[in-house]
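Student: First the structure, which I've put down as structure tokens, then a few questions once you've had a look.
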Amino acid sequence: MTLAELSFKLPDLLPAGAEIFLLTMACAILLIDLFVKDKERTPTFALTQFTLVVCAAFTVWLSSGDATPTQTFSGMYVADFFGAFLKLTLYIVVCVVLFYARTYMLERAPAAKGEFYSLALFATLGMMVMISANHFLVIYLGLEILSLSLYAMVALQRDSVRATEAAMKYFILGALASGLLLYGMSMIYGATGTLDITRVANALGGHGTGHLLTQTGLTKTIHDAAISANAAAGGNKMVLILGLVFLVAGLGFKLGVVPFHMWIPDVYHGAPTGVTLFIGTAPKLAAFAVVMRLLVGGLATLAGDWQQMLIILAVLSLAIGNLAAIAQTNIKRMLAYSTISHMGFMLLGLVSAVGAGVDDAAIKAYSASMFYVITYVLTSAGAFGMILLLSRSGFESEELDDFKGLNKRSPWFAAIMMILMFSMAGIPFFVGFFAKFAVLQAVVEAGRVWLAVLAVVFSLIGAFYYLRVIKLMYFDPPEDATPIEVPGEIRLLISLNALAVALFGIFPQQLMAMCFTTLQLSL
């Protein structure tokens with residue numbers, strides 16, 4: 001081996017410029033906040049939003065050139081249209097979430113000062129790393145950055161026993177899920193001889209995500225040949241499938257699907273509502289990206305195996321999520337079980353791509369799932385935003401009864417909540433209906449009509465608890481006639497959120513086309 005081959009080559013840092021900038025600003029904001037005297041932490045809030053805006057501008061600038069995916073850090077990081085689109089959606093969601101949660105967190109967790117914003121940025125960094133990861137260890141690194149930030153955010157309300165208990169449950173179960181995921185990755189490494197997702201795909205006879213790095217040198221050629229020979233050995237098949245089982249179990253926990261859902265109701269209920277809003281929205285985008293990178297990008301050859309697992313998880317999630325939500329009187333727990341059912345519905349798109357290839361039919365199925373998760377995050381942000389909006393100092397608007405007579409207190413806010421509930425229930429013509437329709441269409445085209453019928457039945461059952469909220473708002477007398485006082489910017493933001501849900505329902509083609517195009521250019 002020559003000296004040139006041993007020399008270290010500085011990686012191209014430009015594709016990861018948004019992550020580097022966000023990390024720098026998160027550390028700076030953590031220090032600057034120590035000197036902020038303003039009780040409302042306005043400078044900290046403004047700097048956080050500025051950071052997200054600059055990251056968005058950086059991502060748009062990088063993705064405005066060649067459509068060819070770019071790899072750096074020895075192929076461990078990939079910058080493509082799929083990642084750029086999800087990151088832009090992530091920035092928008094986090095910006096909206098921080099606006100919604102600002103007043104609430106100042107009143108509920110005054111001791112946290114500006115830590116909420118710093119932790120939100122670190123969590124966002126973890127999600128960005130997960131979205132662009134092309135290596136098992138990088139996925140795990142991003143996942144741990146996100147998870148540790150969320151554990152701390154749940155426990156920000158230090159004087160709340162419920163919040164502390166939720167944080168402990170989340171931490172213990174999260175550590176277990178991370179262990180399952182890491183164990184699955186180690187077994188796949190043992191079967192293929194590599195941790196690089198693209199090389200795993202090639203070793204298994206797949207195509208991988210994006211374009212391979214140009215590889216030169218005898219050592220790498222011999223290494224790749226050894227990988228292929230290692231993976232082809234019949235004895236490694238069982239190890240590979242066992243690793244896949246652990247991998248799907250770990251991903252199932254992060255998505256919150258049955259039977260790995262046990263943390264969701266308790267964490268959603270116990271965490272401060274501002275934190276619940278964060279957990280219930282942005283991380284779903286990152287979890288979807290990891291599923292696409294690992295299962296579709298790296299393990300597409302084993303699609304017949306992991307799709308069977310996902311079908312079971314999807315059916316169980318649809319059944320238990322919708323049935324358990326009916327029995328809830330706390331709206332945060334109701335939306336928690338609703339999340340479980342929605343993630344089950346999203347998985348239906350992933351199991352609708354027939355075969356190991358990535359053709360237009362498969363991309364259409366995957367883009368249906370991508371469309372579903374984006375529209376769900378948008379609607380969920382508005383729903384939790386309404387809970388925050390109705391909460392005030394010393395009062396948590398968490399019970400379904402708190403929404404009684406909302407139409408008499410504020411017809412506009414009642415109309416917004418009605419739009420959001422109709423969308424989640426899949427009522428035409430809101431975006432939730434077209435998201436469900438796109439997934440069901442992909443399922444039927446894959447020949448799994450029984451699965452589509454089952455999904456429709458459970459969706460009809462689920463419509464009950466959404467319509468119950470509307471019934472309480474419009475047909476029951478209010479228990480509290482206190483006027484709803486909301487800052488003008490929050491009123492505008494929640495209105496725009498509901499308007500987006502309505503408009504994407506009327507004109508869904510643009511967003512659907514963007515999802516299809518980004519996947520087509522990246523897979």
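Residue numbering restarts at 1 in every chain; chains get A, B, ... in the order shown in the structure tokens, and ligands count up from 1 in that same order.
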Would you tabulate, counting only C-alpha atoms, all residues of region 76-163 of chain A that have an atom at most 9 Å from an atom of region 261-283 of chain A, showing the closest pair of atoms and their distance in Å to one decimal, sorted by chain then ascending number, as a Markdown table?
Tutor:
```
| residue | atom | partner | partner_atom | distance |
| --- | --- | --- | --- | --- |
| A:Thr89 | CA | A:Ala282 | CA | 8.7 |
| A:Leu90 | CA | A:Ala282 | CA | 6.0 |
| A:Tyr91 | CA | A:Ala282 | CA | 8.8 |
| A:Val93 | CA | A:Ala282 | CA | 6.3 |
| A:Val94 | CA | A:Ala282 | CA | 6.7 |
| A:Val97 | CA | A:Phe278 | CA | 6.3 |
| A:Leu98 | CA | A:Gly274 | CA | 8.2 |
| A:Tyr100 | CA | A:Gly274 | CA | 7.4 |
| A:Ala101 | CA | A:Gly274 | CA | 4.6 |
| A:Arg102 | CA | A:Gly274 | CA | 7.8 |
| A:Tyr104 | CA | A:Gly274 | CA | 6.6 |
| A:Met105 | CA | A:Gly274 | CA | 6.4 |
| A:Arg108 | CA | A:Pro272 | CA | 7.6 |
| A:Ala109 | CA | A:Pro272 | CA | 8.6 |
| A:Phe116 | CA | A:Val275 | CA | 8.8 |
| A:Ala120 | CA | A:Phe278 | CA | 8.3 |
| A:Ala123 | CA | A:Pro283 | CA | 8.6 |
| A:Thr124 | CA | A:Ala282 | CA | 8.2 |
| A:Met127 | CA | A:Pro283 | CA | 6.7 |
| A:Leu146 | CA | A:Pro283 | CA | 8.2 |
| A:Leu150 | CA | A:Ile279 | CA | 7.4 |
| A:Met153 | CA | A:Val275 | CA | 6.4 |
| A:Val154 | CA | A:Ala271 | CA | 5.0 |
| A:Ala155 | CA | A:Ala271 | CA | 7.2 |
| A:Leu156 | CA | A:Pro272 | CA | 8.1 |
| A:Gln157 | CA | A:Pro272 | CA | 7.0 |
| A:Ser160 | CA | A:Gly270 | CA | 8.8 |
| A:Val161 | CA | A:Gly270 | CA | 8.6 |
| A:Arg162 | CA | A:Gly270 | CA | 5.0 |
| A:Ala163 | CA | A:Gly270 | CA | 4.7 |
```
Student: Return as CSV the residues of region 284-341 of chain A lying at most 8 Å from region 364-386 of chain A, together with the closest atom-to-atom pair for each and the distance in Å to one decimal, counting only C-alpha atoms, with rows in chain order and ascending residue number.
Tutor:
```
residue,atom,partner,partner_atom,distance
A:Lys284,CA,A:Val373,CA,7.1
A:Leu285,CA,A:Val373,CA,6.8
A:Phe288,CA,A:Met370,CA,7.6
```
Student: Given the choices A:Pro43, A:Leu420, A:Asp80, A:Ile20, which gets closest to Cys55 (chain A) if the distance is worked out from only C-alpha atoms?
Tutor: A:Ile20
Student: Excluding Ile363 (chain A) and any residue of its chain fewer than 2 positions from it, enumerate the residues within 9 Å of it, using only C-alpha atoms, and give them as a count of residues only.
Tutor: 14
Student: I need the residues of region 209-350 of chain A that end up classed as helix (DSSP H, G or I) by DSSP on the backbone, written out as a ChimeraX atom specification.
Tutor: /A:218-232,236-255,263-270,273-279,282-298,300-326,331-350
Student: If we count only C-alpha atoms and set the cut-off at 6 Å, which residues sit around region 405-415 of chain A, ignoring sequence neighbours fewer than 6 positions away in its own chain? Please answer as a ChimeraX atom specification.
Tutor: /A:473-474,476-478
Student: Dump N, CA and C atoms for the selected residues as a PDB file, in the first residue's frame?
Tutor:
```
ATOM      1  N   MET A 473     -67.850  20.670  19.922  1.00  0.00           N
ATOM      2  CA  MET A 473     -67.642  22.092  19.643  1.00  0.00           C
ATOM      3  C   MET A 473     -68.925  22.793  19.203  1.00  0.00           C
ATOM      4  N   TYR A 474     -69.764  22.089  18.466  1.00  0.00           N
ATOM      5  CA  TYR A 474     -70.903  22.752  17.825  1.00  0.00           C
ATOM      6  C   TYR A 474     -72.251  22.472  18.488  1.00  0.00           C
ATOM      7  N   ASP A 476     -72.661  21.139  21.991  1.00  0.00           N
ATOM      8  CA  ASP A 476     -72.680  21.130  23.451  1.00  0.00           C
ATOM      9  C   ASP A 476     -72.457  22.537  23.987  1.00  0.00           C
ATOM     10  N   PRO A 477     -73.065  22.854  25.127  1.00  0.00           N
ATOM     11  CA  PRO A 477     -72.835  24.179  25.732  1.00  0.00           C
ATOM     12  C   PRO A 477     -71.433  24.258  26.318  1.00  0.00           C
ATOM     13  N   PRO A 478     -70.803  25.427  26.285  1.00  0.00           N
ATOM     14  CA  PRO A 478     -69.430  25.554  26.825  1.00  0.00           C
ATOM     15  C   PRO A 478     -69.405  25.433  28.343  1.00  0.00           C
TER      16      PRO A 478
END
```
Student: Smallest atom-to-atom distance to Ser186 (chain A): which of A:Ala463, A:Pro15, A:Val239, A:Pro259, using only C-alpha atoms?
Tutor: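 That would be A:Val239, the residue with the smallest distance to Ser186 (chain A).
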Student: For Phe50 (chain A), which of A:Glu398, A:Cys95, A:Val444, A:Thr301 is the closest residue, counting only C-alpha atoms?
Tutor: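 Looking at the shortest contact to Phe50 (chain A), the residue is A:Cys95.
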Student: Let me make sure I understand: among A:Leu390, A:Ala177, A:Val129, A:Val449, which one has the smallest atom-to-atom distance to Val486 (chain A) if we use only C-alpha atoms?
Tutor: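 For Val486 (chain A), the nearest of the given residues is A:Leu390.
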Student: Region 314-323 of chain A: which residues within 6 Å, counting only C-alpha atoms, same-chain residues fewer than 4 positions away excluded, as JSON, numbers by chain?
Tutor: {"A": [257, 258, 310, 337, 338, 340, 341, 344, 347, 462]}
Student: From the set A:Ala203, A:Arg293, A:Asn497, A:Tyr170, which residue has the shortest atom-to-atom contact distance to Val96 (chain A), counting only C-alpha atoms?
Tutor: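 Closest candidate: A:Asn497.
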Student: List as a list in words the protein and nucleic acid residues near Gly174 (chain A), meaning an atom at most 8 Å away when only C-alpha atoms are counted, but skip any in the same chain fewer than 4 places from it.
Tutor: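 The residues that qualify are Ser147, Tyr170, Ser178 and Phe253 of chain A.
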Student: Among region 292-424 of chain A, which ones does DSSP place in strand (DSSP E or B), written as a VMD selection string?
Tutor: chain A and resid 330 392 395 399
Student: Which value, in Å to one decimal, gives the distance between CA of Gly75 (chain A) and CA of Ala513 (chain A)?
Tutor: 28.5 Å
Student: In Å, rounded to a single decimal, give me how far CA of Val351 (chain A) is from CA of Ala455 (chain A).
Tutor: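 CA of Val351 (chain A) lies at a distance of 13.3 Å from CA of Ala455 (chain A).
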Student: Measuring atom to atom with only C-alpha atoms, identify which of A:Ile131, A:Ala175, A:Leu180, A:Ala287 is nearest to Val245 (chain A).
Tutor: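 Smallest distance to Val245 (chain A) is found for A:Leu180.
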